Amino acid sequence: MEVTQELLAYYEQDREHGRLREGRDRLELWRTQDVLRRMLPPAPARVLDVGGGTGVHAEWLAADGYDVELLDPIPLHVERARQLTGVAAHVGDARQLPVPDESVDVVLLLGPLYHLTERADRVRALAEARRAVRHGGLVVAATISRYSAVHDAVNQGFYLNDEFRAAANAAATGSIMRSPRSGFTAYFHDPAEIPLEFADAGFPDVEHYGLQGAFWLYRDVNDWLDDPERRSLMLDALRSMESVPSLLGVSGHILTIAHRSR
């Protein structure tokens, strides 16, 4: 993907390295682990982690015994990921993967689809993932819910700010989200449009998993995550309703999984 100066400036703040390791964003990490550990083929399958950032997922996948290669367009991220045991990391573009056809068991796109703000680029990235994965392999993509900016802005109090409210409302109506607070720019998906992009890339059937449900919006979510017993109950509750269509748009992030059938 093209690394714009805006994107580079955002990620050179080095926010991504700790984002999923602290606060309520731990829920996104643990739920991603929960879904993937149920869906991935057994280790040592080969996993291509595209847009893998500093390696927050590559790290635990390698520890689980997977053969992990990480690609990311941000040099700072790649530099950090190279320090992880068992992870090969390179600068790369989701739309042009540097691997042969049908050479990996799993392609993870846990970031690129929201930074590829043009639909044609998102479909191209999904088609590249399909090219790279073996028959029977998995392509897993994360998207941000179209309505998450409004939900989060109300929860955090940002919605009172005219500029941020306009940005959140733009995301909710299908425009690009450009945060006046952080400089974060992304495309947020309506759950109904995700299968259409997958279908255009050659995946007629997909499965959806809402990662955080509504729990990420609860004021005491960190108290639940800090307590192992309460955290387990929360994760069980989320697992029980993770694919309910009417709840997908409430979740901050949605995982979509497709098998390459031919």
# chains A, B, ... in the order shown; residues from 1 in each chain; ligands from 1
call {"tool": "residues_around", "arguments": {"residues": "Ala81 in chain A", "least_positions_apart": "6", "cutoff": "9 Å", "atoms": "only C-alpha atoms", "output": "PyMOL selection string"}}
result
chain A and resi 52-56+58-59+70+87-90
call {"tool": "write_last_selection", "arguments": {"atoms": "all heavy atoms", "output": "compact mmCIF listing (two decimals), in the first residue's frame"}}
result
# COMPACT_ATOMS: atom_id res chain seq x y z
N GLY A 52 1.24 -6.56 9.57
CA GLY A 52 1.33 -7.09 10.93
C GLY A 52 1.88 -6.14 11.97
O GLY A 52 2.08 -6.54 13.12
N GLY A 53 2.15 -4.89 11.59
CA GLY A 53 2.63 -3.91 12.57
C GLY A 53 3.94 -4.33 13.20
O GLY A 53 4.84 -4.82 12.53
N THR A 54 4.04 -4.15 14.50
CA THR A 54 5.27 -4.48 15.21
C THR A 54 5.32 -5.94 15.63
O THR A 54 6.27 -6.36 16.30
CB THR A 54 5.43 -3.59 16.46
OG1 THR A 54 4.34 -3.85 17.35
CG2 THR A 54 5.44 -2.11 16.08
N GLY A 55 4.29 -6.71 15.26
CA GLY A 55 4.32 -8.14 15.51
C GLY A 55 3.52 -8.61 16.70
O GLY A 55 3.79 -9.69 17.24
N VAL A 56 2.50 -7.85 17.09
CA VAL A 56 1.72 -8.24 18.27
C VAL A 56 1.05 -9.59 18.08
O VAL A 56 0.94 -10.38 19.03
CB VAL A 56 0.70 -7.14 18.64
CG1 VAL A 56 -0.34 -6.96 17.55
CG2 VAL A 56 0.04 -7.44 19.98
N ALA A 58 2.07 -11.76 15.38
CA ALA A 58 3.15 -12.66 14.96
C ALA A 58 3.87 -13.27 16.16
O ALA A 58 4.28 -14.44 16.12
CB ALA A 58 4.14 -11.90 14.08
N GLU A 59 4.00 -12.50 17.22
CA GLU A 59 4.72 -12.97 18.41
C GLU A 59 4.05 -14.19 19.02
O GLU A 59 4.70 -15.22 19.29
CB GLU A 59 4.83 -11.85 19.43
CG GLU A 59 5.62 -12.21 20.67
CD GLU A 59 5.80 -11.02 21.61
OE1 GLU A 59 5.01 -10.06 21.55
OE2 GLU A 59 6.76 -11.08 22.42
N LEU A 70 6.14 -11.79 8.49
CA LEU A 70 5.39 -10.54 8.65
C LEU A 70 5.78 -9.56 7.56
O LEU A 70 6.96 -9.41 7.25
CB LEU A 70 5.65 -9.95 10.03
CG LEU A 70 4.97 -8.63 10.39
CD1 LEU A 70 4.62 -8.61 11.89
CD2 LEU A 70 5.84 -7.41 10.06
N VAL A 87 10.21 -14.94 14.00
CA VAL A 87 9.43 -14.14 13.05
C VAL A 87 10.37 -13.52 12.02
O VAL A 87 11.34 -12.83 12.37
CB VAL A 87 8.66 -13.01 13.77
CG1 VAL A 87 7.93 -12.12 12.76
CG2 VAL A 87 7.67 -13.61 14.77
N ALA A 88 10.10 -13.79 10.74
CA ALA A 88 10.80 -13.10 9.66
C ALA A 88 9.95 -11.89 9.27
O ALA A 88 8.74 -12.01 9.11
CB ALA A 88 10.97 -14.03 8.46
N ALA A 89 10.57 -10.72 9.13
CA ALA A 89 9.81 -9.49 8.88
C ALA A 89 10.44 -8.70 7.74
O ALA A 89 11.67 -8.58 7.66
CB ALA A 89 9.74 -8.63 10.14
N HIS A 90 9.57 -8.16 6.87
CA HIS A 90 10.02 -7.41 5.71
C HIS A 90 9.06 -6.27 5.43
O HIS A 90 7.86 -6.35 5.75
CB HIS A 90 10.09 -8.30 4.46
CG HIS A 90 10.80 -9.60 4.67
ND1 HIS A 90 12.17 -9.71 4.70
CD2 HIS A 90 10.31 -10.85 4.89
CE1 HIS A 90 12.51 -10.97 4.91
NE2 HIS A 90 11.40 -11.68 5.05
call {"tool": "residues_around", "arguments": {"residues": "Glu6 in chain A", "least_positions_apart": "3", "cutoff": "8 Å", "atoms": "only C-alpha atoms", "output": "list in words"}}
result
Ala9, Tyr10 and Gly183 of chain A
call {"tool": "write_last_selection", "arguments": {"atoms": "C-alpha atoms", "output": "PDB file, in the first residue's frame"}}
result
ATOM      1  CA  ALA A   9       3.509  10.378  10.574  1.00  0.00           C
ATOM      2  CA  TYR A  10       0.737   8.571  12.471  1.00  0.00           C
ATOM      3  CA  GLY A 183      -4.361  11.979  12.351  1.00  0.00           C
TER       4      GLY A 183
END
call {"tool": "closest_atom_pairs", "arguments": {"of": "range 26-132 of chain A", "to": "range 236-259 of chain A", "cutoff": "12 Å", "atoms": "only C-alpha atoms", "output": "CSV"}}
result
residue,atom,partner,partner_atom,distance
A:Leu27,CA,A:Leu238,CA,10.3
A:Glu28,CA,A:His253,CA,7.6
A:Leu29,CA,A:His253,CA,10.7
A:Trp30,CA,A:Leu238,CA,11.1
A:Arg31,CA,A:Leu238,CA,8.4
A:Thr32,CA,A:Leu255,CA,7.9
A:Gln33,CA,A:Leu255,CA,11.1
A:Asp34,CA,A:Arg239,CA,8.5
A:Val35,CA,A:Arg239,CA,8.4
A:Leu36,CA,A:Leu255,CA,9.5
A:Arg38,CA,A:Arg239,CA,11.1
A:Met39,CA,A:Ile257,CA,8.7
A:Leu40,CA,A:Ile257,CA,10.2
A:Pro41,CA,A:His259,CA,11.4
A:Asp105,CA,A:His259,CA,10.2
A:Val106,CA,A:His259,CA,9.3
A:Val107,CA,A:Ile257,CA,10.1
A:Leu108,CA,A:Ile257,CA,9.4
A:Leu109,CA,A:Leu255,CA,9.5
A:Leu110,CA,A:Leu255,CA,8.2
A:Gly111,CA,A:His253,CA,10.4
A:Leu113,CA,A:Leu255,CA,11.2
A:Tyr114,CA,A:His253,CA,10.6
A:Leu126,CA,A:Ala258,CA,10.2
A:Ala127,CA,A:Ala258,CA,11.7
A:Ala129,CA,A:Ala258,CA,10.5
A:Arg130,CA,A:His259,CA,8.8
A:Arg131,CA,A:His259,CA,12.0
call {"tool": "closest_residue", "arguments": {"among": "A:Leu116, A:Val99, A:Val206, A:Leu217", "to": "Ala153 in chain A", "atoms": "only C-alpha atoms"}}
result
A:Leu217
call {"tool": "atom_distance", "arguments": {"atom1": "CA of Ser148 in chain A", "atom2": "CA of Asn222 in chain A"}}
result
18.4 Å
call {"tool": "closest_residue", "arguments": {"among": "A:Gln13, A:Asn169, A:Asn155, A:Asn161", "to": "Phe184 in chain A", "atoms": "only C-alpha atoms"}}
result
A:Gln13
call {"tool": "atom_distance", "arguments": {"atom1": "CA of Ser145 in chain A", "atom2": "CA of Tyr66 in chain A"}}
result
29.0 Å
call {"tool": "residues_around", "arguments": {"residues": "Ser182 in chain A", "least_positions_apart": "3", "cutoff": "12 Å", "atoms": "only C-alpha atoms", "output": "JSON, numbers by chain"}}
result
{"A": [6, 7, 9, 10, 11, 12, 13, 15, 164, 167, 177, 178, 179, 185, 186]}
call {"tool": "write_last_selection", "arguments": {"atoms": "C-alpha atoms", "output": "CSV table (one decimal), in the first residue's frame"}}
result
chain,number,residue,atom,x,y,z
A,6,GLU,CA,0.0,11.2,6.8
A,7,LEU,CA,0.1,7.5,7.4
A,9,ALA,CA,3.5,10.4,10.6
A,10,TYR,CA,0.7,8.6,12.5
A,11,TYR,CA,2.6,5.3,12.8
A,12,GLU,CA,6.0,6.9,13.5
A,13,GLN,CA,4.5,8.0,16.8
A,15,ARG,CA,1.5,4.0,19.2
A,164,PHE,CA,-14.5,15.2,15.8
A,167,ALA,CA,-15.4,13.1,11.3
A,177,MET,CA,-12.6,8.7,8.7
A,178,ARG,CA,-10.0,11.4,9.3
A,179,SER,CA,-9.5,11.9,13.0
A,185,THR,CA,-7.2,8.0,8.4
A,186,ALA,CA,-9.2,4.9,7.5
call {"tool": "decode", "arguments": {"residues": "range 220-253 of chain A", "atoms": "C-alpha atoms", "output": "PDB file, in the first residue's frame"}}
result
ATOM      1  CA  ASP A 220     -15.697  -0.772  33.640  1.00  0.00           C
ATOM      2  CA  VAL A 221     -14.307  -2.950  30.831  1.00  0.00           C
ATOM      3  CA  ASN A 222     -10.745  -2.644  32.175  1.00  0.00           C
ATOM      4  CA  ASP A 223     -11.864  -3.963  35.569  1.00  0.00           C
ATOM      5  CA  TRP A 224     -13.234  -7.040  33.822  1.00  0.00           C
ATOM      6  CA  LEU A 225     -10.075  -7.506  31.765  1.00  0.00           C
ATOM      7  CA  ASP A 226      -7.819  -7.135  34.801  1.00  0.00           C
ATOM      8  CA  ASP A 227      -9.617  -9.903  36.701  1.00  0.00           C
ATOM      9  CA  PRO A 228      -8.892 -13.362  35.176  1.00  0.00           C
ATOM     10  CA  GLU A 229     -12.222 -14.835  36.330  1.00  0.00           C
ATOM     11  CA  ARG A 230     -14.316 -11.927  35.048  1.00  0.00           C
ATOM     12  CA  ARG A 231     -12.274 -11.786  31.845  1.00  0.00           C
ATOM     13  CA  SER A 232     -12.996 -15.449  31.188  1.00  0.00           C
ATOM     14  CA  LEU A 233     -16.717 -14.855  31.661  1.00  0.00           C
ATOM     15  CA  MET A 234     -16.612 -11.890  29.281  1.00  0.00           C
ATOM     16  CA  LEU A 235     -14.766 -13.863  26.612  1.00  0.00           C
ATOM     17  CA  ASP A 236     -17.256 -16.724  26.964  1.00  0.00           C
ATOM     18  CA  ALA A 237     -20.148 -14.300  26.548  1.00  0.00           C
ATOM     19  CA  LEU A 238     -18.599 -12.753  23.443  1.00  0.00           C
ATOM     20  CA  ARG A 239     -17.944 -16.175  21.944  1.00  0.00           C
ATOM     21  CA  SER A 240     -21.614 -17.089  22.373  1.00  0.00           C
ATOM     22  CA  MET A 241     -22.797 -14.150  20.259  1.00  0.00           C
ATOM     23  CA  GLU A 242     -19.802 -13.427  18.027  1.00  0.00           C
ATOM     24  CA  SER A 243     -21.570 -14.156  14.719  1.00  0.00           C
ATOM     25  CA  VAL A 244     -25.051 -12.769  15.447  1.00  0.00           C
ATOM     26  CA  PRO A 245     -25.695 -10.531  12.395  1.00  0.00           C
ATOM     27  CA  SER A 246     -27.630  -7.863  14.298  1.00  0.00           C
ATOM     28  CA  LEU A 247     -24.683  -7.324  16.691  1.00  0.00           C
ATOM     29  CA  LEU A 248     -21.787  -7.152  14.228  1.00  0.00           C
ATOM     30  CA  GLY A 249     -21.972  -3.400  13.660  1.00  0.00           C
ATOM     31  CA  VAL A 250     -21.748  -2.683  17.389  1.00  0.00           C
ATOM     32  CA  SER A 251     -18.380  -4.372  17.647  1.00  0.00           C
ATOM     33  CA  GLY A 252     -15.376  -2.137  17.148  1.00  0.00           C
ATOM     34  CA  HIS A 253     -13.705  -4.669  14.846  1.00  0.00           C
TER      35      HIS A 253
END
